[in-house]
>>> print(open('upload04.cif').read())   # mmCIF, C-alpha atoms
data_coords
loop_
_atom_site.label_atom_id
_atom_site.label_comp_id
_atom_site.auth_asym_id
_atom_site.auth_seq_id
_atom_site.Cartn_x
_atom_site.Cartn_y
_atom_site.Cartn_z
CA MET A 1 55.16 73.53 21.31
CA ALA A 2 53.27 74.35 18.10
CA LEU A 3 55.22 71.66 16.23
CA SER A 4 54.34 69.07 18.86
CA LEU A 5 50.65 70.00 18.66
CA LEU A 6 50.75 69.75 14.87
CA LEU A 7 52.35 66.32 15.01
CA SER A 8 49.76 65.11 17.51
CA ARG A 9 46.95 66.28 15.27
CA THR A 10 48.56 64.66 12.23
CA VAL A 11 48.92 61.32 14.03
CA ALA A 12 45.30 61.50 15.19
CA ILE A 13 44.13 62.19 11.64
CA LEU A 14 46.19 59.28 10.29
CA LEU A 15 44.78 56.92 12.92
CA CYS A 16 41.24 57.98 12.06
CA CYS A 17 41.94 57.43 8.37
CA ASN A 18 43.37 53.98 9.03
CA TYR A 19 40.38 53.05 11.18
CA PHE A 20 37.97 54.29 8.50
CA LEU A 21 39.89 52.43 5.78
CA ALA A 22 39.84 49.19 7.82
CA ALA A 23 36.09 49.54 8.37
CA VAL A 24 35.51 50.07 4.66
CA LEU A 25 37.65 47.08 3.76
CA ALA A 26 35.81 44.92 6.31
CA GLN A 27 32.48 46.06 4.90
CA ASN A 28 33.65 45.28 1.38
CA GLU A 29 34.72 41.79 2.47
CA THR A 30 31.28 41.24 4.04
CA GLU A 31 29.58 42.45 0.88
CA LYS A 32 31.62 39.93 -1.11
CA LEU A 33 30.13 37.01 0.79
CA PRO A 34 27.70 35.06 -1.37
CA THR A 35 24.00 34.92 -0.68
CA PHE A 36 21.17 32.71 -1.81
CA GLY A 37 21.30 31.85 -5.50
CA ASP A 38 24.94 32.85 -6.03
CA THR A 39 27.27 30.35 -7.68
CA VAL A 40 30.15 29.29 -5.44
CA GLN A 41 33.34 27.85 -6.89
CA VAL A 42 34.51 24.62 -5.26
CA LEU A 43 38.25 23.94 -5.51
CA GLY A 44 39.51 20.60 -6.82
CA ALA A 45 42.59 18.49 -6.05
CA MET A 46 41.39 18.15 -2.42
CA ALA A 47 42.16 21.82 -1.76
CA ARG A 48 40.02 23.34 0.98
CA THR A 49 36.95 25.39 0.13
CA ASP A 50 35.88 27.26 3.26
CA GLN A 51 32.90 29.40 2.30
CA ASP A 52 30.89 31.67 4.58
CA PHE A 53 27.55 33.17 3.60
CA LYS A 54 25.98 36.48 4.58
CA ASP A 55 23.53 34.92 7.06
CA GLY A 56 26.27 32.95 8.85
CA LEU A 57 25.96 29.63 7.04
CA ALA A 58 29.39 28.06 6.49
CA LEU A 59 30.38 25.23 4.16
CA ASP A 60 33.76 23.56 4.56
CA LEU A 61 34.68 20.91 2.01
CA PHE A 62 37.41 19.12 0.10
CA SER A 63 36.69 17.90 -3.42
CA PRO A 64 38.88 15.85 -5.79
CA LYS A 65 37.72 17.95 -8.77
CA ASN A 66 36.56 21.47 -9.51
CA ARG A 67 32.84 21.95 -9.05
CA THR A 68 30.28 24.63 -8.29
CA LEU A 69 27.42 24.82 -5.84
CA VAL A 70 24.40 27.02 -5.20
CA VAL A 71 22.57 27.54 -1.91
CA LYS A 72 18.88 28.40 -2.15
CA GLN A 73 16.42 29.48 0.51
CA ASN A 74 13.15 27.66 1.20
CA THR A 75 10.79 29.86 3.21
CA SER A 76 8.10 27.14 3.50
CA PRO A 77 9.95 24.03 4.71
CA LEU A 78 8.36 20.93 6.20
CA PRO A 79 7.45 21.71 9.85
CA ALA A 80 10.17 20.86 12.34
CA GLY A 81 7.88 18.65 14.42
CA PHE A 82 8.40 15.79 11.99
CA ILE A 83 11.74 14.36 13.11
CA THR A 84 13.24 10.90 12.56
CA GLY A 85 16.59 9.43 13.48
CA THR A 86 16.52 10.62 17.09
CA THR A 87 13.93 10.56 19.83
CA GLY A 88 12.18 12.94 22.19
CA GLU A 89 9.88 15.87 21.53
CA PRO A 90 8.85 18.60 20.92
CA PHE A 91 11.13 19.90 18.16
CA ILE A 92 10.82 23.41 16.76
CA ALA A 93 12.44 25.27 13.87
CA LEU A 94 15.12 27.75 14.95
CA SER A 95 15.11 29.46 11.57
CA SER A 96 12.30 30.73 9.38
CA TYR A 97 13.83 29.08 6.33
CA SER A 98 15.81 26.02 5.27
CA TYR A 99 18.87 25.73 3.02
CA ILE A 100 18.80 23.82 -0.26
CA ILE A 101 22.31 22.99 -1.46
CA GLN A 102 22.76 21.94 -5.08
CA MET A 103 26.04 21.04 -6.74
CA ASN A 104 26.52 21.17 -10.49
CA GLU A 105 26.88 17.38 -10.59
CA THR A 106 26.38 14.39 -8.32
CA ALA A 107 29.23 14.35 -5.83
CA ASN A 108 29.61 11.51 -3.31
CA ASP A 109 33.39 11.81 -2.93
CA LEU A 110 33.64 14.83 -0.64
CA ILE A 111 35.04 15.40 2.82
CA ALA A 112 32.72 18.08 4.12
CA LYS A 113 30.82 19.71 6.93
CA ILE A 114 28.04 22.28 7.20
CA GLU A 115 27.75 24.84 9.99
CA VAL A 116 24.55 26.73 10.84
CA PRO A 117 24.66 29.55 13.43
CA TYR A 118 22.28 29.98 16.34
CA ASP A 119 21.57 32.89 18.68
CA PRO A 120 22.03 31.87 22.36
CA GLU A 121 19.66 34.60 23.55
CA GLN A 122 16.98 33.49 21.13
CA LEU A 123 17.42 29.89 22.29
CA LYS A 124 16.69 30.97 25.89
CA LYS A 125 13.49 32.69 24.78
CA VAL A 126 12.13 29.52 23.15
CA GLY A 127 13.36 27.10 25.83
CA VAL A 128 16.07 25.29 23.85
CA GLN A 129 19.49 24.43 25.24
CA GLU A 130 22.52 24.80 22.99
CA ALA A 131 23.12 21.05 23.41
CA ASN A 132 19.66 20.44 21.93
CA THR A 133 20.32 22.20 18.62
CA TYR A 134 20.58 20.14 15.45
CA VAL A 135 21.06 20.59 11.73
CA ALA A 136 18.47 18.23 10.26
CA THR A 137 18.44 16.86 6.70
CA LEU A 138 15.23 16.44 4.73
CA ALA A 139 14.58 12.72 4.17
CA ALA A 140 14.52 11.28 0.65
CA ASP A 141 10.74 10.78 0.91
CA LYS A 142 10.39 14.42 2.11
CA MET A 143 8.25 13.27 5.06
CA SER A 144 10.64 14.05 7.91
CA TRP A 145 13.76 15.85 8.99
CA VAL A 146 16.50 13.31 9.74
CA ILE A 147 18.94 13.74 12.62
CA ASP A 148 22.07 11.60 12.89
CA ASP A 149 23.69 11.96 16.30
CA SER A 150 26.86 10.25 15.06
CA THR A 151 27.57 13.12 12.64
CA ARG A 152 26.38 16.01 14.82
CA ASN A 153 28.60 18.52 16.58
CA VAL A 154 27.67 21.63 18.59
CA HIS A 155 30.43 24.25 18.55
CA ARG A 156 29.45 26.45 21.49
CA SER A 157 32.51 28.71 21.29
CA GLU A 158 31.32 29.88 17.85
CA ASN A 159 27.56 29.48 18.42
CA ASN A 160 26.94 27.07 15.58
CA THR A 161 25.77 23.51 15.07
CA ARG A 162 27.33 21.20 12.50
CA ILE A 163 26.91 18.10 10.43
CA ILE A 164 30.33 16.49 9.98
CA LYS A 165 31.62 13.41 8.12
CA MET A 166 29.65 14.37 5.01
CA THR A 167 30.53 12.80 1.65
CA SER A 168 27.80 14.64 -0.27
CA MET A 169 26.25 18.08 0.25
CA ASP A 170 23.22 17.96 -2.03
CA GLY A 171 20.07 18.22 0.04
CA GLU A 172 17.89 20.43 2.21
CA TYR A 173 18.89 21.43 5.74
CA LEU A 174 17.09 23.08 8.67
CA LEU A 175 18.28 24.28 12.07
CA VAL A 176 15.99 22.74 14.72
CA GLY A 177 15.89 22.58 18.50
CA ARG A 178 14.34 20.24 21.03
CA GLN A 179 12.52 21.86 23.95
CA THR A 180 13.56 19.38 26.63
CA VAL A 181 15.70 19.52 29.74
CA ASP A 182 17.41 16.26 28.80
CA THR A 183 19.89 16.12 25.94
CA SER A 184 21.00 13.51 23.38
CA ASN A 185 18.64 10.58 22.71
CA ILE A 186 15.52 10.56 24.86
CA PHE A 187 13.72 7.29 25.56
CA VAL A 188 10.14 6.87 26.72
CA GLN A 189 9.30 4.97 29.90
CA TYR A 190 6.50 2.42 29.96
CA GLY A 191 3.28 3.35 31.75
CA GLN A 192 0.75 6.16 31.90
CA GLY A 193 1.09 9.84 32.75
CA ALA A 194 2.31 12.98 31.04
CA THR A 195 6.01 12.10 31.11
CA ARG A 196 5.30 8.63 29.67
CA THR A 197 3.08 9.81 26.84
CA VAL A 198 4.20 10.17 23.23
CA ASN A 199 2.70 13.20 21.50
CA MET A 200 2.32 12.96 17.73
CA THR A 201 1.54 15.91 15.49
CA GLY A 202 -0.95 15.46 12.67
CA GLY A 203 0.28 16.13 9.15
CA SER A 204 2.08 14.63 6.20
CA GLY A 205 5.37 14.06 8.02
CA LYS A 206 6.74 11.19 10.09
CA GLN A 207 7.70 11.15 13.77
CA GLN A 208 9.55 8.60 15.88
CA ALA A 209 9.50 7.49 19.50
CA GLU A 210 11.61 4.84 21.20
CA PHE A 211 11.02 3.13 24.53
CA ILE A 212 13.65 2.10 27.04
CA ASP A 213 14.03 -1.47 25.70
CA GLY A 214 14.31 -0.40 22.06
CA LEU A 215 10.65 -0.70 21.01
CA ARG A 216 10.45 1.98 18.34
CA PHE A 217 7.60 3.56 16.39
CA SER A 218 7.75 5.62 13.20
CA VAL A 219 4.33 7.14 12.60
CA GLN A 220 2.55 9.35 10.10
CA THR A 221 -0.88 10.46 11.27
CA ASN A 222 -3.29 12.91 9.70
CA ARG A 223 -4.56 14.07 13.10
CA SER A 224 -2.65 14.76 16.29
CA MET A 225 -2.74 11.93 18.79
CA THR A 226 -1.07 10.55 21.91
CA MET A 227 0.21 7.06 22.68
CA ASN A 228 1.22 5.10 25.77
CA VAL A 229 2.67 1.60 26.10
CA ASP A 230 2.38 -0.69 29.13
CA LEU A 231 3.92 -4.06 29.92
CA LYS A 232 1.67 -6.89 31.14
CA GLN A 233 3.02 -10.08 32.66
CA GLY A 234 1.41 -13.44 31.86
CA ILE A 235 0.50 -14.99 28.50
CA ASN A 236 -1.99 -17.83 28.25
CA PRO A 237 -0.45 -20.61 26.10
CA GLY A 238 -3.95 -21.33 24.78
CA SER A 239 -3.99 -17.91 23.10
CA LEU A 240 -1.01 -18.80 20.88
CA PRO A 241 -1.12 -20.38 17.44
CA ALA A 242 -0.31 -24.09 17.22
CA ASN A 243 3.34 -25.11 17.43
CA THR A 244 4.47 -21.75 18.82
CA VAL A 245 5.57 -20.37 22.18
CA SER A 246 5.98 -16.80 23.38
CA LEU A 247 9.56 -15.56 23.54
CA ASN A 248 8.77 -13.41 26.58
CA SER A 249 6.53 -13.88 29.59
CA TYR A 250 4.98 -10.46 29.01
CA MET A 251 3.23 -8.49 26.26
CA TRP A 252 3.42 -4.89 25.09
CA ILE A 253 0.05 -3.10 25.36
CA VAL A 254 -0.24 -0.07 23.07
CA ASN A 255 -3.10 2.39 23.53
CA SER A 256 -3.64 5.66 21.72
CA SER A 257 -6.03 8.58 22.09
CA ASP A 258 -7.81 7.62 18.85
CA PRO A 259 -7.88 3.81 18.37
CA SER A 260 -10.09 3.97 15.27
CA MET A 261 -7.82 6.31 13.33
CA ARG A 262 -5.88 4.74 10.47
CA ILE A 263 -2.24 5.72 10.44
CA ASP A 264 0.87 4.71 8.50
CA ALA A 265 3.40 3.27 10.90
CA GLU A 266 6.46 1.08 11.19
CA MET A 267 7.47 -0.74 14.36
CA LEU A 268 10.80 -2.11 15.52
CA VAL A 269 10.19 -4.78 18.17
CA PRO A 270 13.27 -5.83 20.21
CA PHE A 271 14.02 -9.47 20.97
CA ASN A 272 16.31 -11.03 23.57
CA ARG A 273 18.69 -13.43 21.83
CA ALA A 274 19.59 -15.12 25.12
CA MET A 275 15.92 -15.93 25.72
CA LEU A 276 15.65 -17.49 22.26
CA THR A 277 18.74 -19.63 22.86
CA ALA A 278 17.26 -20.82 26.16
CA LEU A 279 14.01 -21.84 24.45
CA ARG A 280 15.75 -23.51 21.51
CA PRO A 281 19.08 -24.81 22.89
CA ALA A 282 19.46 -27.25 19.99
CA GLY A 283 19.78 -24.36 17.59
CA SER A 284 18.19 -20.95 17.08
CA SER A 285 17.76 -18.74 14.05
CA PRO A 286 15.98 -15.44 14.72
CA SER A 287 15.35 -14.73 11.05
CA THR A 288 13.43 -18.00 10.55
CA MET A 289 11.95 -18.57 13.99
CA LEU A 290 10.63 -15.21 15.23
CA THR A 291 7.43 -13.43 14.29
CA VAL A 292 5.36 -10.67 15.92
CA ALA A 293 1.72 -11.36 16.73
CA LYS A 294 -1.11 -9.11 17.84
CA ARG A 295 -4.61 -9.17 19.28
CA ALA A 296 -7.15 -6.48 20.15
CA LEU A 297 -6.41 -4.05 22.97
CA ASN A 298 -9.06 -5.28 25.43
CA ASP A 299 -9.11 -8.93 24.37
CA THR A 300 -8.53 -11.36 27.23
CA ASN A 301 -9.30 -14.74 25.68
CA GLY A 302 -8.74 -14.33 21.95
CA GLN A 303 -5.84 -15.79 20.01
CA PHE A 304 -2.80 -13.79 18.98
CA THR A 305 -2.53 -13.49 15.21
CA PRO A 306 0.89 -13.27 13.47
CA PHE A 307 1.63 -10.39 11.15
CA ASN A 308 2.06 -11.21 7.48
CA PRO A 309 5.64 -12.51 7.04
CA ASP A 310 5.98 -10.25 4.00
CA LEU A 311 5.63 -7.23 6.30
CA GLN A 312 8.31 -8.41 8.73
CA THR A 313 12.08 -8.30 8.59
CA VAL A 314 14.27 -9.68 11.37
CA ARG A 315 17.25 -7.41 11.90
CA GLU A 316 19.87 -9.55 13.61
CA LEU A 317 23.06 -8.52 15.39
CA PRO A 318 23.90 -5.91 16.44
CA GLU A 319 20.33 -4.57 16.41
CA ASP A 320 18.20 -7.64 17.27
CA ARG A 321 14.83 -6.12 16.42
CA ILE A 322 11.93 -7.18 14.20
CA GLN A 323 10.78 -4.56 11.70
CA ILE A 324 7.05 -4.46 10.90
CA GLN A 325 5.87 -2.29 8.04
CA GLY A 326 2.39 -1.22 6.99
CA VAL A 327 0.87 -0.97 10.47
CA ASN A 328 -2.28 1.14 10.15
CA ARG A 329 -3.63 0.85 13.69
CA LEU A 330 -1.45 0.97 16.79
CA ASP A 331 -3.78 -0.09 19.57
CA GLY A 332 -3.43 -3.69 20.63
CA GLN A 333 -1.45 -6.32 22.50
CA TYR A 334 1.83 -7.45 20.96
CA ILE A 335 4.03 -10.50 21.59
CA ILE A 336 6.92 -12.26 19.86
CA LEU A 337 6.26 -15.85 18.82
CA VAL A 338 8.92 -18.53 18.49
CA THR A 339 8.15 -21.05 15.76
CA GLN A 340 9.92 -24.21 14.68
CA PRO A 341 13.14 -23.54 12.75
CA LYS A 342 12.80 -23.57 8.98
CA ALA A 343 14.66 -26.35 7.18
CA VAL A 344 17.34 -25.33 4.72
CA GLY A 345 15.73 -24.57 1.36
CA ALA A 346 12.21 -24.72 2.79
CA THR A 347 9.68 -21.92 2.93
CA THR A 348 8.05 -20.74 6.10
CA PRO A 349 4.55 -22.25 6.31
CA ALA A 350 1.78 -19.67 6.23
CA ALA A 351 -0.16 -19.18 9.43
CA PRO A 352 -3.90 -19.93 9.24
CA ASN A 353 -4.63 -16.29 10.13
CA ILE A 354 -2.34 -13.37 9.48
CA ILE A 355 -2.51 -9.63 9.99
CA VAL A 356 -2.11 -7.70 6.75
CA SER A 357 -1.66 -3.94 7.14
CA GLY A 358 -3.60 -3.91 10.39
CA GLY A 359 -6.56 -5.98 9.10
CA MET A 360 -7.38 -9.66 9.41
CA VAL A 361 -7.14 -12.17 6.57
CA THR A 362 -8.17 -15.83 6.85
#
>>> encode(input="upload04.cif", output="structure tokens")
Amino acid sequence: MALSLLLSRTVAILLCCNYFLAAVLAQNETEKLPTFGDTVQVLGAMARTDQDFKDGLALDLFSPKNRTLVVKQNTSPLPAGFITGTTGEPFIALSSYSYIIQMNETANDLIAKIEVPYDPEQLKKVGVQEANTYVATLAADKMSWVIDDSTRNVHRSENNTRIIKMTSMDGEYLLVGRQTVDTSNIFVQYGQGATRTVNMTGGSGKQQAEFIDGLRFSVQTNRSMTMNVDLKQGINPGSLPANTVSLNSYMWIVNSSDPSMRIDAEMLVPFNRAMLTALRPAGSSPSTMLTVAKRALNDTNGQFTPFNPDLQTVRELPEDRIQIQGVNRLDGQYIILVTQPKAVGATTPAAPNIIVSGGMVT
């Protein structure tokens, strides 16, 4: 009986020792994880480097040569409200800091992904669904956080959000969330009302909004503002420049909460290729025949004035949109003009009046 009791106590002591030893070893392994500023060795020969960090960040990459990387912390990143690449708002930061990843040399030959953890309970508190979490990359001009839905993956079983298909890791990254019921890309409907209003935050960053037909705005504004777009049927042929017709029978009417405010914007105006072919059955060339024109918001009889051709780029298939740069006032009525096709080797004749960066030049 005494021997049995002794053996039981010995086994219990050994189990406790093993448990304590395992806990110590696990703690030591955690303590070995790198933190901000530590140099991490990256294996070469396309061997896998799977590196976790103390705060839950994980980098998974394959490199053809040995390299090193460092992850730094930025506690004052660009606000998360400035998002490009996807649509819908509002976006908020889900972390108080961003990650800056720097490799010891330029590396564009990687197969890599980055994983950033999120807390499901914290998401509920701030009104963000797991499907609306993103790892955003700071744009090259440092004016927005870029989201690419084609390289995004939410891993709900492990509570992290990823960027996949990476060939380079250098850059700055931030975990953000969108406070909307809908997920994926969100498009704005034409008309008035709260659900059809685009809200833009004032500051140095850029924001984007896209409407249901592909009309897209990228805007930097110093003061917060709102914007709505309506469609209006009926265009008076007498309001068009000579030798032009309107591609559509309607116009886009853009109105903002502050029409006098100068902003820095880019527009992508969609065109219907089938409509162009119908108007020019003998031959159509969007890049030489299409131009966007504008007139004042409340103008009913004035002529539409084409934008400066130097500010426009026709993006053909598969996008079929006209890019306009240097727009400094949004309010107005917009149409797409169809001109005569340009002869091979000829230059497009200048319109008698053109819009240059939102102003008028004669």
>>> closest_residue(input="upload04.cif", among="A:Met166, A:Met225, A:Leu231, A:Leu61", to="Leu43 (chain A)", atoms="all atoms listed in the file")
A:Leu61
>>> resolve_selection(input="upload04.cif", expression="the PyMOL selection byres ((chain A and resi 133) around 8)", output="number ranges by chain")
A: 128-132, 134-135, 154, 161, 175-178
>>> resolve_selection(input="upload04.cif", expression="the PyMOL selection byres ((chain A and resi 119) around 10)", output="list in words")
Leu94, Pro117, Tyr118, Pro120, Glu121, Gln122, Leu123, Lys124, Glu130, Asn159 and Asn160 of chain A
>>> resolve_selection(input="upload04.cif", expression="the PyMOL selection byres ((chain A and resi 291) around 7)", output="ChimeraX atom specification")
/A:289-290,292-293,306,336-338
>>> write_last_selection(input="upload04.cif", atoms="C-alpha atoms", output="mmCIF file, in the frame of the given file")
data_model
loop_
_atom_site.group_PDB
_atom_site.id
_atom_site.type_symbol
_atom_site.label_atom_id
_atom_site.label_comp_id
_atom_site.auth_asym_id
_atom_site.auth_seq_id
_atom_site.Cartn_x
_atom_site.Cartn_y
_atom_site.Cartn_z
ATOM 1 C CA MET A 289 11.950 -18.570 13.990
ATOM 2 C CA LEU A 290 10.630 -15.210 15.230
ATOM 3 C CA VAL A 292 5.360 -10.670 15.920
ATOM 4 C CA ALA A 293 1.720 -11.360 16.730
ATOM 5 C CA PRO A 306 0.890 -13.270 13.470
ATOM 6 C CA ILE A 336 6.920 -12.260 19.860
ATOM 7 C CA LEU A 337 6.260 -15.850 18.820
ATOM 8 C CA VAL A 338 8.920 -18.530 18.490
#
>>> atom_distance(input="upload04.cif", atom1="CA of Val198 (chain A)", atom2="CA of Arg262 (chain A)")
17.1 Å
